[in-house]
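Participant: File my_file_26.json below, JSON, C-alpha atoms:
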```
[["chain", "number", "residue", "atom", "x", "y", "z"],
["Y", 1, "MET", "CA", 32.96, -19.37, -53.46],
["Y", 2, "LYS", "CA", 29.46, -20.72, -52.92],
["Y", 3, "LYS", "CA", 28.55, -20.73, -49.22],
["Y", 4, "SER", "CA", 25.75, -22.35, -47.25],
["Y", 5, "GLY", "CA", 24.63, -21.67, -43.63],
["Y", 6, "MET", "CA", 24.96, -18.35, -41.75],
["Y", 7, "SER", "CA", 27.94, -16.15, -41.21],
["Y", 8, "LEU", "CA", 28.87, -14.71, -37.83],
["Y", 9, "LEU", "CA", 27.81, -11.30, -39.08],
["Y", 10, "GLU", "CA", 24.33, -12.62, -39.81],
["Y", 11, "ILE", "CA", 24.09, -14.14, -36.35],
["Y", 12, "VAL", "CA", 25.19, -10.88, -34.73],
["Y", 13, "ILE", "CA", 22.60, -8.96, -36.75],
["Y", 14, "SER", "CA", 19.90, -11.48, -35.73],
["Y", 15, "ILE", "CA", 20.83, -11.11, -32.07],
["Y", 16, "SER", "CA", 20.75, -7.33, -32.36],
["Y", 17, "ILE", "CA", 17.27, -7.44, -33.90],
["Y", 18, "ALA", "CA", 16.11, -9.83, -31.17],
["Y", 19, "VAL", "CA", 17.51, -7.52, -28.46],
["Y", 20, "VAL", "CA", 15.84, -4.50, -30.06],
["Y", 21, "ILE", "CA", 12.52, -6.36, -29.92],
["Y", 22, "PHE", "CA", 13.06, -7.57, -26.34],
["Y", 23, "ILE", "CA", 13.91, -4.19, -24.81],
["Y", 24, "PRO", "CA", 10.44, -2.63, -25.37],
["Y", 25, "ALA", "CA", 8.87, -5.87, -24.13],
["Y", 26, "MET", "CA", 10.95, -5.65, -20.95],
["Y", 27, "ASN", "CA", 9.99, -2.01, -20.51],
["Y", 28, "MET", "CA", 6.34, -2.91, -20.90],
["Y", 29, "PHE", "CA", 6.55, -5.34, -17.96],
["Y", 30, "SER", "CA", 8.48, -2.96, -15.75],
["Y", 31, "THR", "CA", 6.10, -0.09, -16.56],
["Y", 32, "THR", "CA", 3.16, -2.20, -15.39],
["Y", 33, "GLY", "CA", 5.04, -2.99, -12.20],
["Y", 34, "GLN", "CA", 5.82, 0.67, -11.57],
["Y", 35, "ALA", "CA", 2.13, 1.48, -12.00],
["Y", 36, "VAL", "CA", 1.22, -1.01, -9.28],
["Y", 37, "PHE", "CA", 3.85, 0.41, -6.93],
["Y", 38, "LYS", "CA", 2.60, 3.91, -7.68],
["Y", 39, "THR", "CA", -0.96, 2.82, -6.87],
["Y", 40, "ARG", "CA", 0.21, 1.38, -3.57],
["Y", 41, "ASN", "CA", 1.81, 4.67, -2.53],
["Y", 42, "PHE", "CA", -1.11, 6.67, -3.84],
["Y", 43, "SER", "CA", -3.59, 4.52, -1.90],
["Y", 44, "PHE", "CA", -1.53, 4.90, 1.23],
["Y", 45, "ALA", "CA", -1.36, 8.68, 0.78],
["Y", 46, "ASN", "CA", -5.11, 8.71, 0.29],
["Y", 47, "SER", "CA", -5.70, 6.75, 3.49],
["Y", 48, "ALA", "CA", -3.27, 8.97, 5.45],
["Y", 49, "ALA", "CA", -5.13, 12.07, 4.25],
["Y", 50, "ARG", "CA", -8.47, 10.51, 5.25],
["Y", 51, "ARG", "CA", -7.07, 9.74, 8.68],
["Y", 52, "ILE", "CA", -6.13, 13.39, 9.14],
["Y", 53, "SER", "CA", -9.48, 14.58, 7.79],
["Y", 54, "GLN", "CA", -11.41, 12.42, 10.25],
["Y", 55, "ARG", "CA", -9.28, 13.58, 13.15],
["Y", 56, "LEU", "CA", -9.81, 17.21, 12.21],
["Y", 57, "MET", "CA", -13.52, 16.67, 12.86],
["Y", 58, "ALA", "CA", -12.83, 15.72, 16.48],
["Y", 59, "MET", "CA", -10.11, 18.31, 17.15],
["Y", 60, "PRO", "CA", -10.71, 21.58, 19.00],
["Y", 61, "TYR", "CA", -11.39, 24.18, 16.31],
["Y", 62, "GLU", "CA", -8.59, 26.50, 17.45],
["Y", 63, "ASP", "CA", -6.04, 23.68, 17.29],
["Y", 64, "ILE", "CA", -6.42, 23.37, 13.53],
["Y", 65, "VAL", "CA", -3.44, 25.36, 12.33],
["Y", 66, "GLU", "CA", -1.28, 25.68, 9.26],
["Y", 67, "VAL", "CA", 1.51, 23.14, 8.76],
["Y", 68, "PRO", "CA", 3.67, 24.57, 5.98],
["Y", 69, "LEU", "CA", 5.59, 22.58, 3.41],
["Y", 70, "PRO", "CA", 7.81, 20.53, 3.51],
["Y", 71, "GLY", "CA", 5.50, 19.34, 6.27],
["Y", 72, "ILE", "CA", 5.89, 16.87, 9.11],
["Y", 73, "ALA", "CA", 7.14, 13.34, 8.52],
["Y", 74, "LEU", "CA", 4.75, 10.53, 9.32],
["Y", 75, "PHE", "CA", 7.65, 8.60, 10.85],
["Y", 76, "ASP", "CA", 9.38, 9.89, 13.99],
["Y", 77, "ALA", "CA", 6.47, 12.32, 14.27],
["Y", 78, "PRO", "CA", 6.39, 14.72, 17.22],
["Y", 79, "ALA", "CA", 4.21, 13.77, 20.18],
["Y", 80, "GLU", "CA", 0.52, 14.64, 20.05],
["Y", 81, "SER", "CA", 0.51, 14.95, 16.27],
["Y", 82, "PHE", "CA", -1.74, 13.09, 13.83],
["Y", 83, "PHE", "CA", 0.58, 10.08, 13.78],
["Y", 84, "ALA", "CA", 2.02, 9.98, 17.28],
["Y", 85, "PRO", "CA", 1.39, 8.16, 19.46],
["Y", 86, "PHE", "CA", 0.31, 5.48, 17.02],
["Y", 87, "LEU", "CA", -0.55, 2.31, 18.94],
["Y", 88, "ASN", "CA", -0.96, 1.33, 22.57],
["Y", 89, "THR", "CA", -1.98, -2.16, 23.56],
["Y", 90, "SER", "CA", -1.25, -1.52, 27.22],
["Y", 91, "GLY", "CA", -3.47, 0.14, 29.80],
["Y", 92, "THR", "CA", -1.19, 3.10, 30.45],
["Y", 93, "ASN", "CA", 0.61, 5.84, 28.57],
["Y", 94, "SER", "CA", 3.97, 4.10, 29.10],
["Y", 95, "GLY", "CA", 3.03, 1.39, 26.58],
["Y", 96, "ALA", "CA", 2.33, 3.79, 23.72],
["Y", 97, "LYS", "CA", 4.19, 3.09, 20.48],
["Y", 98, "ASN", "CA", 5.24, 5.51, 17.78],
["Y", 99, "ILE", "CA", 6.21, 4.97, 14.17],
["Y", 100, "THR", "CA", 9.89, 4.55, 14.92],
["Y", 101, "GLN", "CA", 12.57, 2.09, 13.91],
["Y", 102, "ALA", "CA", 12.36, 0.48, 17.34],
["Y", 103, "ASP", "CA", 8.58, 0.21, 17.67],
["Y", 104, "MET", "CA", 7.38, -0.54, 14.13],
["Y", 105, "PRO", "CA", 10.41, -1.37, 11.94],
["Y", 106, "GLU", "CA", 8.63, -2.52, 8.75],
["Y", 107, "PHE", "CA", 6.13, 0.31, 8.65],
["Y", 108, "TYR", "CA", 8.88, 2.76, 9.54],
["Y", 109, "SER", "CA", 11.08, 1.50, 6.67],
["Y", 110, "TYR", "CA", 8.26, 1.92, 4.18],
["Y", 111, "LEU", "CA", 7.58, 5.49, 5.28],
["Y", 112, "VAL", "CA", 11.26, 6.42, 5.38],
["Y", 113, "GLN", "CA", 11.89, 4.90, 1.95],
["Y", 114, "HIS", "CA", 9.32, 7.21, 0.39],
["Y", 115, "ASP", "CA", 9.66, 10.06, 2.89],
["Y", 116, "PHE", "CA", 5.91, 10.40, 3.48],
["Y", 117, "ARG", "CA", 5.01, 13.81, 4.96],
["Y", 118, "TYR", "CA", 1.87, 15.78, 5.62],
["Y", 119, "SER", "CA", 1.17, 19.48, 5.63],
["Y", 120, "LEU", "CA", -1.97, 21.53, 6.17],
["Y", 121, "SER", "CA", -3.12, 24.63, 4.39],
["Y", 122, "VAL", "CA", -5.75, 26.37, 6.52],
["Y", 123, "SER", "CA", -8.04, 29.22, 5.39],
["Y", 124, "ASN", "CA", -10.55, 30.87, 7.68],
["Y", 125, "VAL", "CA", -13.94, 31.93, 6.40],
["Y", 126, "SER", "CA", -16.05, 34.10, 8.71],
["Y", 127, "PHE", "CA", -19.80, 34.57, 8.22],
["Y", 128, "GLY", "CA", -19.88, 37.69, 10.41],
["Y", 129, "ASP", "CA", -22.26, 36.41, 13.07],
["Y", 130, "GLY", "CA", -19.61, 34.45, 14.95],
["Y", 131, "ASP", "CA", -19.88, 31.37, 12.78],
["Y", 132, "GLU", "CA", -16.68, 30.38, 11.10],
["Y", 133, "ILE", "CA", -15.51, 27.62, 8.89],
["Y", 134, "LYS", "CA", -12.01, 26.43, 8.17],
["Y", 135, "SER", "CA", -11.08, 25.17, 4.76],
["Y", 136, "VAL", "CA", -8.26, 22.73, 5.31],
["Y", 137, "GLY", "CA", -6.15, 21.45, 2.47],
["Y", 138, "ILE", "CA", -4.40, 18.25, 3.47],
["Y", 139, "LEU", "CA", -1.27, 17.58, 1.45],
["Y", 140, "ILE", "CA", 0.48, 14.26, 1.59],
["Y", 141, "THR", "CA", 3.85, 14.31, -0.13],
["Y", 142, "TRP", "CA", 6.27, 11.51, -0.85],
["Y", 143, "SER", "CA", 9.12, 10.69, -3.17],
["Y", 144, "GLU", "CA", 9.08, 7.96, -5.75],
["Y", 145, "ASN", "CA", 11.93, 7.20, -8.17],
["Y", 146, "ASN", "CA", 13.46, 10.59, -7.32],
["Y", 147, "LYS", "CA", 10.19, 12.35, -8.17],
["Y", 148, "ASN", "CA", 8.17, 14.37, -5.71],
["Y", 149, "MET", "CA", 4.58, 13.17, -5.51],
["Y", 150, "MET", "CA", 1.59, 14.81, -3.87],
["Y", 151, "TYR", "CA", -1.95, 13.89, -2.86],
["Y", 152, "ARG", "CA", -4.39, 16.64, -1.91],
["Y", 153, "LEU", "CA", -7.65, 16.48, -0.02],
["Y", 154, "TYR", "CA", -9.85, 19.39, 1.08],
["Y", 155, "VAL", "CA", -12.13, 19.30, 4.09],
["Y", 156, "TYR", "CA", -14.27, 21.98, 5.69],
["Y", 157, "VAL", "CA", -14.49, 22.16, 9.47],
["Y", 158, "PRO", "CA", -17.20, 24.34, 11.05],
["Y", 159, "SER", "CA", -16.63, 26.15, 14.35],
["Y", 160, "LEU", "CA", -19.84, 24.73, 15.79],
["K", 1, "MET", "CA", 45.43, -30.27, -53.42],
["K", 2, "TYR", "CA", 43.60, -27.29, -54.82],
["K", 3, "ARG", "CA", 40.92, -29.46, -56.43],
["K", 4, "HIS", "CA", 40.39, -31.30, -53.17],
["K", 5, "TYR", "CA", 39.91, -28.00, -51.27],
["K", 6, "LYS", "CA", 37.46, -26.66, -53.85],
["K", 7, "ARG", "CA", 35.35, -29.77, -53.68],
["K", 8, "LYS", "CA", 35.20, -29.52, -49.90],
["K", 9, "SER", "CA", 34.00, -25.90, -49.96],
["K", 10, "ASP", "CA", 31.10, -26.82, -52.22],
["K", 11, "ARG", "CA", 29.66, -29.16, -49.61],
["K", 12, "PHE", "CA", 26.28, -28.48, -47.97],
["K", 13, "GLY", "CA", 25.79, -28.53, -44.21],
["K", 14, "VAL", "CA", 27.74, -27.11, -41.31],
["K", 15, "THR", "CA", 31.00, -27.93, -39.66],
["K", 16, "LEU", "CA", 31.39, -29.04, -36.07],
["K", 17, "VAL", "CA", 33.01, -25.70, -35.19],
["K", 18, "GLU", "CA", 30.02, -23.83, -36.59],
["K", 19, "ILE", "CA", 27.63, -25.99, -34.58],
["K", 20, "ILE", "CA", 29.65, -25.38, -31.41],
["K", 21, "VAL", "CA", 29.77, -21.63, -32.00],
["K", 22, "ALA", "CA", 26.04, -21.51, -32.76],
["K", 23, "SER", "CA", 25.23, -23.61, -29.68],
["K", 24, "ALA", "CA", 27.35, -21.36, -27.49],
["K", 25, "ILE", "CA", 25.63, -18.25, -28.82],
["K", 26, "LEU", "CA", 22.20, -19.82, -28.43],
["K", 27, "ALA", "CA", 23.02, -20.99, -24.91],
["K", 28, "PHE", "CA", 24.21, -17.49, -24.06],
["K", 29, "ILE", "CA", 21.06, -15.88, -25.44],
["K", 30, "GLY", "CA", 18.88, -18.58, -23.88],
["K", 31, "GLY", "CA", 20.55, -18.01, -20.54],
["K", 32, "ILE", "CA", 19.94, -14.27, -20.64],
["K", 33, "VAL", "CA", 16.35, -14.59, -21.82],
["K", 34, "GLY", "CA", 15.59, -17.42, -19.38],
["K", 35, "HIS", "CA", 17.01, -15.46, -16.48],
["K", 36, "TRP", "CA", 15.04, -12.41, -17.55],
["K", 37, "PHE", "CA", 11.82, -14.46, -17.71],
["K", 38, "PHE", "CA", 12.54, -15.89, -14.28],
["K", 39, "LEU", "CA", 13.06, -12.41, -12.85],
["K", 40, "GLN", "CA", 9.93, -11.13, -14.58],
["K", 41, "ARG", "CA", 7.92, -13.99, -13.16],
["K", 42, "GLU", "CA", 9.12, -13.19, -9.67],
["K", 43, "TYR", "CA", 8.43, -9.52, -10.24],
["K", 44, "GLN", "CA", 4.98, -10.31, -11.58],
["K", 45, "GLY", "CA", 4.29, -12.41, -8.48],
["K", 46, "ARG", "CA", 5.24, -9.47, -6.26],
["K", 47, "ILE", "CA", 3.06, -7.11, -8.27],
["K", 48, "PHE", "CA", 0.06, -9.44, -8.01],
["K", 49, "ALA", "CA", 0.67, -9.82, -4.26],
["K", 50, "ILE", "CA", 0.74, -6.04, -3.77],
["K", 51, "SER", "CA", -2.35, -5.60, -5.90],
["K", 52, "ASP", "CA", -4.21, -8.30, -3.95],
["K", 53, "ALA", "CA", -3.05, -6.78, -0.66],
["K", 54, "GLN", "CA", -4.35, -3.37, -1.67],
["K", 55, "GLN", "CA", -7.66, -4.88, -2.64],
["K", 56, "THR", "CA", -7.93, -6.74, 0.67],
["K", 57, "ILE", "CA", -7.18, -3.58, 2.65],
["K", 58, "ARG", "CA", -9.63, -1.52, 0.61],
["K", 59, "GLN", "CA", -12.50, -4.00, 0.90],
["K", 60, "ALA", "CA", -12.02, -4.75, 4.60],
["K", 61, "SER", "CA", -11.60, -1.07, 5.52],
["K", 62, "TRP", "CA", -14.64, -0.07, 3.54],
["K", 63, "ARG", "CA", -16.85, -2.68, 5.15],
["K", 64, "MET", "CA", -15.76, -1.90, 8.70],
["K", 65, "MET", "CA", -15.81, 1.86, 8.19],
["K", 66, "GLN", "CA", -19.31, 1.86, 6.77],
["K", 67, "GLU", "CA", -20.68, 0.10, 9.82],
["K", 68, "LEU", "CA", -18.53, 1.99, 12.32],
["K", 69, "ARG", "CA", -19.33, 5.40, 10.88],
["K", 70, "THR", "CA", -23.02, 5.01, 11.61],
["K", 71, "ALA", "CA", -22.53, 3.28, 14.97],
["K", 72, "ARG", "CA", -24.26, 4.64, 18.05],
["K", 73, "SER", "CA", -21.25, 4.19, 20.30],
["K", 74, "VAL", "CA", -17.98, 2.33, 20.59],
["K", 75, "LEU", "CA", -17.88, -0.05, 23.54],
["K", 76, "PHE", "CA", -14.30, -1.26, 23.09],
["K", 77, "PRO", "CA", -11.56, -0.09, 22.84],
["K", 78, "ARG", "CA", -11.87, 3.16, 24.73],
["K", 79, "ILE", "CA", -9.05, 5.45, 25.82],
["K", 80, "ASN", "CA", -7.20, 4.51, 29.01],
["K", 81, "ALA", "CA", -7.89, 6.02, 32.40],
["K", 82, "ASP", "CA", -4.78, 8.21, 32.04],
["K", 83, "LYS", "CA", -6.22, 9.57, 28.73],
["K", 84, "SER", "CA", -3.67, 7.70, 26.64],
["K", 85, "ILE", "CA", -4.72, 5.97, 23.44],
["K", 86, "ARG", "CA", -5.78, 2.33, 23.57],
["K", 87, "SER", "CA", -5.35, -0.25, 20.79],
["K", 88, "ASP", "CA", -6.67, -3.74, 20.35],
["K", 89, "SER", "CA", -7.16, -6.36, 17.68],
["K", 90, "LYS", "CA", -10.93, -6.14, 18.10],
["K", 91, "VAL", "CA", -13.53, -3.43, 18.14],
["K", 92, "VAL", "CA", -16.96, -3.72, 19.71],
["K", 93, "PHE", "CA", -19.68, -1.19, 19.05],
["K", 94, "LYS", "CA", -23.41, -0.71, 19.10],
["K", 95, "SER", "CA", -24.67, -0.39, 15.56],
["K", 96, "PHE", "CA", -27.28, 2.02, 14.27],
["K", 97, "ALA", "CA", -29.88, -0.75, 14.56],
["K", 98, "GLY", "CA", -28.93, -1.40, 18.18],
["K", 99, "ASP", "CA", -27.08, -4.67, 17.57],
["K", 100, "VAL", "CA", -23.73, -5.20, 19.22],
["K", 101, "ILE", "CA", -21.16, -5.79, 16.49],
["K", 102, "CYS", "CA", -17.63, -7.05, 16.91],
["K", 103, "TYR", "CA", -14.85, -7.12, 14.34],
["K", 104, "TYR", "CA", -11.92, -9.18, 15.53],
["K", 105, "TYR", "CA", -8.62, -10.41, 14.20],
["K", 106, "LEU", "CA", -7.71, -14.09, 14.36],
["K", 107, "ALA", "CA", -3.91, -14.14, 14.27],
["K", 108, "SER", "CA", -3.70, -17.91, 13.82],
["K", 109, "GLU", "CA", -5.90, -17.79, 10.70],
["K", 110, "LYS", "CA", -4.77, -14.32, 9.58],
["K", 111, "GLU", "CA", -8.43, -13.39, 9.17],
["K", 112, "ILE", "CA", -10.71, -10.55, 10.17],
["K", 113, "ARG", "CA", -14.06, -11.81, 11.34],
["K", 114, "ARG", "CA", -17.34, -10.26, 12.36],
["K", 115, "CYS", "CA", -19.96, -11.35, 14.86],
["K", 116, "LYS", "CA", -23.24, -9.87, 15.96],
["K", 117, "ILE", "CA", -25.31, -9.94, 19.12],
["K", 118, "PRO", "CA", -28.79, -8.96, 17.98],
["K", 119, "ASN", "CA", -30.76, -6.21, 19.62],
["K", 120, "GLY", "CA", -33.60, -8.21, 21.08],
["K", 121, "PRO", "CA", -34.32, -11.93, 20.84],
["K", 122, "GLY", "CA", -31.79, -14.10, 19.07],
["K", 123, "VAL", "CA", -28.46, -15.71, 19.60],
["K", 124, "PRO", "CA", -25.03, -14.24, 18.90],
["K", 125, "THR", "CA", -23.87, -15.22, 15.43],
["K", 126, "ALA", "CA", -20.52, -15.13, 13.71],
["K", 127, "ASP", "CA", -20.46, -14.49, 9.98],
["K", 128, "SER", "CA", -19.70, -17.65, 8.03],
["K", 129, "GLU", "CA", -17.24, -15.86, 5.75],
["K", 130, "PRO", "CA", -14.36, -13.78, 7.07],
["K", 131, "VAL", "CA", -14.26, -10.06, 6.31],
["K", 132, "ALA", "CA", -10.70, -10.42, 5.00],
["K", 133, "ARG", "CA", -8.02, -13.08, 4.63],
["K", 134, "ASN", "CA", -4.21, -13.02, 4.65],
["K", 135, "VAL", "CA", -4.09, -10.07, 7.03],
["K", 136, "ASP", "CA", -0.76, -9.86, 8.86],
["K", 137, "GLN", "CA", -1.66, -7.19, 11.37],
["K", 138, "LEU", "CA", -4.74, -5.31, 12.51],
["K", 139, "ALA", "CA", -5.21, -2.76, 15.25],
["K", 140, "PHE", "CA", -8.17, -0.62, 16.22],
["K", 141, "THR", "CA", -7.18, 2.40, 18.27],
["K", 142, "ALA", "CA", -9.37, 4.67, 20.34],
["K", 143, "SER", "CA", -7.67, 8.04, 20.43],
["K", 144, "ASP", "CA", -10.38, 10.54, 21.22],
["K", 145, "GLU", "CA", -11.64, 11.53, 24.61],
["K", 146, "GLY", "CA", -15.13, 11.89, 23.24],
["K", 147, "ASN", "CA", -14.96, 8.31, 21.96],
["K", 148, "ARG", "CA", -15.80, 9.42, 18.44],
["K", 149, "ILE", "CA", -12.68, 8.35, 16.57],
["K", 150, "ILE", "CA", -11.45, 4.87, 15.83],
["K", 151, "ASP", "CA", -8.18, 4.44, 13.94],
["K", 152, "ILE", "CA", -7.62, 1.31, 11.90],
["K", 153, "PHE", "CA", -4.14, 0.10, 11.03],
["K", 154, "MET", "CA", -3.77, -2.91, 8.76],
["K", 155, "GLU", "CA", -0.88, -4.72, 7.15],
["K", 156, "VAL", "CA", -1.25, -7.23, 4.35],
["K", 157, "LYS", "CA", 1.95, -8.69, 2.88],
["K", 158, "GLY", "CA", 4.03, -5.58, 3.41],
["K", 159, "THR", "CA", 1.31, -3.20, 2.23],
["K", 160, "PHE", "CA", -0.05, -0.85, 4.86],
["K", 161, "GLY", "CA", -3.41, 0.78, 5.29],
["K", 162, "LEU", "CA", -4.46, 3.55, 7.62],
["K", 163, "GLU", "CA", -8.00, 4.64, 8.26],
["K", 164, "SER", "CA", -9.82, 6.71, 10.81],
["K", 165, "VAL", "CA", -13.53, 6.68, 11.37],
["K", 166, "TYR", "CA", -15.39, 9.57, 12.89],
["K", 167, "LEU", "CA", -18.69, 8.41, 14.37],
["K", 168, "ILE", "CA", -21.37, 10.67, 13.03],
["K", 169, "ASN", "CA", -23.98, 9.56, 15.54],
["K", 170, "GLU", "CA", -21.92, 9.84, 18.71]]
```
Just give me the structure of the file as structure tokens.
Facilitator:
Amino acid sequence: MKKSGMSLLEIVISISIAVVIFIPAMNMFSTTGQAVFKTRNFSFANSAARRISQRLMAMPYEDIVEVPLPGIALFDAPAESFFAPFLNTSGTNSGAKNITQADMPEFYSYLVQHDFRYSLSVSNVSFGDGDEIKSVGILITWSENNKNMMYRLYVYVPSL
Amino acid sequence: MYRHYKRKSDRFGVTLVEIIVASAILAFIGGIVGHWFFLQREYQGRIFAISDAQQTIRQASWRMMQELRTARSVLFPRINADKSIRSDSKVVFKSFAGDVICYYYLASEKEIRRCKIPNGPGVPTADSEPVARNVDQLAFTASDEGNRIIDIFMEVKGTFGLESVYLINE
């Protein structure tokens, strides 16, 4: 029997081929998106590490101590740490705000979502004549798509 | 009867049932692909927004930090009398050249702006172009008793930026 047109089998095969072509294209778009999200988290980690590094410069030398992994969370951070208190638009201590669900919900959600934490690795170097220097490794860790990520920054703080 | 059937099967073209089936399949595929493109477009919009937000934060932070880092002293904000931190949407400082510089946030315009009171003769001037646009939140925080550290917190479309500046001249 002579037949014209397409059979259902041909259509199914065509659809399958089209789907096979589309899947890598879809992945390409989503991969680009993931890269942007990764950059956002990486940039934030970088800025958090810089914040700590700048504060280390103004801290009393003896107060610079080791903070072992898994580190301290940036959200709900203990008082008098690098990230608490965080803001205070009032003229007294009672108006101070921390990175908590109640005080800064959006920022808090972002930090909780990725579980941003910091830890410090401190090494003392003595020059023998009373001068010392601390090598401080600042580690910012966070999770992203069930992967543990890390940003590292080293600063050197003299005892002078 | 048989001859009639044979003649019919030799015809060119498609039947109405075939057209309906093909249309249904095409509509189904078109629906899936169209929906996917719609989602991708939304996703792409979000990605561009995040990318732009990052760029805004980076550029604004860099500009303010460069000037603050070399400042002679911060005039405002300063820590409270009870030694607690103090935040504000503006920062005023004396620059390395002796000018008084102010970076301030205009909530109504969602802009960061800069103005300068020159050291010596001259009138206060505000920069014609804002330092950054589309900024949702900005806070400068004085947290150091020695008045050497200014923290900057910025939010642009759900993207957050933290910075701290240690004044090297203080």
Participant: Between atom CA of Y:Ile64 and atom CA of Y:Leu87, what is the distance, to one decimal in Å?
Facilitator: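 Between atom CA of Y:Ile64 and atom CA of Y:Leu87 the gap works out to 22.5 Å.
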Participant: Using all atoms listed in the file, which residues sit within 9 Å of K:Ile79 once same-chain residues fewer than 6 positions away are excluded, as a list in words?
Facilitator: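 Surrounding residues, per the criterion: Gly91 of chain Y; Ile85, Arg86, Ser87, Thr141, Ala142, Ser143, Asp144, Glu145 and Asn147 of chain K.
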Participant: Tell me which protein, DNA and RNA residues are within 12 Å of Y:Leu56, counting all atoms listed in the file, leaving out same-chain ones fewer than 2 positions away, and put them as number ranges by chain.
Facilitator: Y: 49-54, 58-65, 81-82, 120, 122, 134-138, 154-159; K: 144, 148-149, 164-166
Participant: Residues of chain Y near chain K: apply a cut-off of 7 Å, count only C-alpha atoms, and supply the list as a list in words.
Facilitator: Lys2, Ser4, Gly5, Gly33, Val36, Arg40, Phe44, Ser47, Ala48, Arg50, Arg51, Gln54, Leu87, Asn88, Thr89, Ser90, Gly91, Thr92 and Asn93 of chain Y
Participant: Go ahead and compute the interatomic distance for atom CA of K:Gln66 and atom CA of Y:Leu74, in Å to one decimal.
Facilitator: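 Computing the Euclidean distance for atom CA of K:Gln66 and atom CA of Y:Leu74 yields 25.7 Å.
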Participant: How many Å lie between atom CA of Y:Ala18 and atom CA of K:Gly45, rounded to one decimal?
Facilitator: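 So the two atoms, atom CA of Y:Ala18 and atom CA of K:Gly45, lie 25.7 Å apart.
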Participant: Counting all atoms listed in the file, which residue out of Y:Asp115, Y:Glu106, Y:Glu80, Y:Glu144 sits closest to K:Gln137?
Facilitator: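 Looking only at the distances to K:Gln137, the closest residue turns out to be Y:Glu106.
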Participant: Considering only C-alpha atoms, can you say which of K:Tyr103, K:Phe38, K:Phe76, K:Phe28 comes closest to K:Pro130?
Facilitator: K:Tyr103
Participant: Pick out the closest residue to K:Ala97 from this set: K:Trp62, K:Ala126, K:Arg113, K:Asn169. Count only C-alpha atoms.
Facilitator: K:Asn169
Participant: With distances taken over only C-alpha atoms, which residue among Y:Ile17, Y:Leu9, Y:Ser119, Y:Thr39 lies nearest K:Asp52?
Facilitator: Y:Thr39
Participant: What box, with edges along x, y and z, holds each listed atom of stretch 90-100 of chain Y when 5 Å is added on every side, and can you state its centre and edge lengths in Å to one decimal, as JSON?
Facilitator:
```
{"center_x": 3.2, "center_y": 2.2, "center_z": 22.3, "size_x": 23.4, "size_y": 17.4, "size_z": 26.3}
```
Participant: List as a PDB file with C-alpha atoms, in the frame of the given file the protein and nucleic acid residues near Y:Tyr118, meaning an atom at most 6 Å away when all atoms listed in the file are counted, but skip any in the same chain fewer than 2 places from it.
Facilitator:
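This is the output file part-v3.pdb:
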```pdb
ATOM      1  CA  GLY Y  71       5.500  19.340   6.270  1.00  0.00           C
ATOM      2  CA  ILE Y  72       5.890  16.870   9.110  1.00  0.00           C
ATOM      3  CA  LEU Y 139      -1.270  17.580   1.450  1.00  0.00           C
ATOM      4  CA  ILE Y 140       0.480  14.260   1.590  1.00  0.00           C
TER       5      ILE Y 140
END
```
Participant: Show me, as a PDB file with C-alpha atoms, keeping the file's coordinate frame, the residues that have an atom within 8 Å of K:Tyr105 when counting only C-alpha atoms, minus same-chain residues fewer than 3 positions from it.
Facilitator:
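The resulting around.pdb:
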```pdb
ATOM      1  CA  SER K  89      -7.160  -6.360  17.680  1.00  0.00           C
ATOM      2  CA  LYS K  90     -10.930  -6.140  18.100  1.00  0.00           C
ATOM      3  CA  LYS K 110      -4.770 -14.320   9.580  1.00  0.00           C
ATOM      4  CA  GLU K 111      -8.430 -13.390   9.170  1.00  0.00           C
ATOM      5  CA  ILE K 112     -10.710 -10.550  10.170  1.00  0.00           C
ATOM      6  CA  ARG K 113     -14.060 -11.810  11.340  1.00  0.00           C
ATOM      7  CA  LEU K 138      -4.740  -5.310  12.510  1.00  0.00           C
TER       8      LEU K 138
END
```
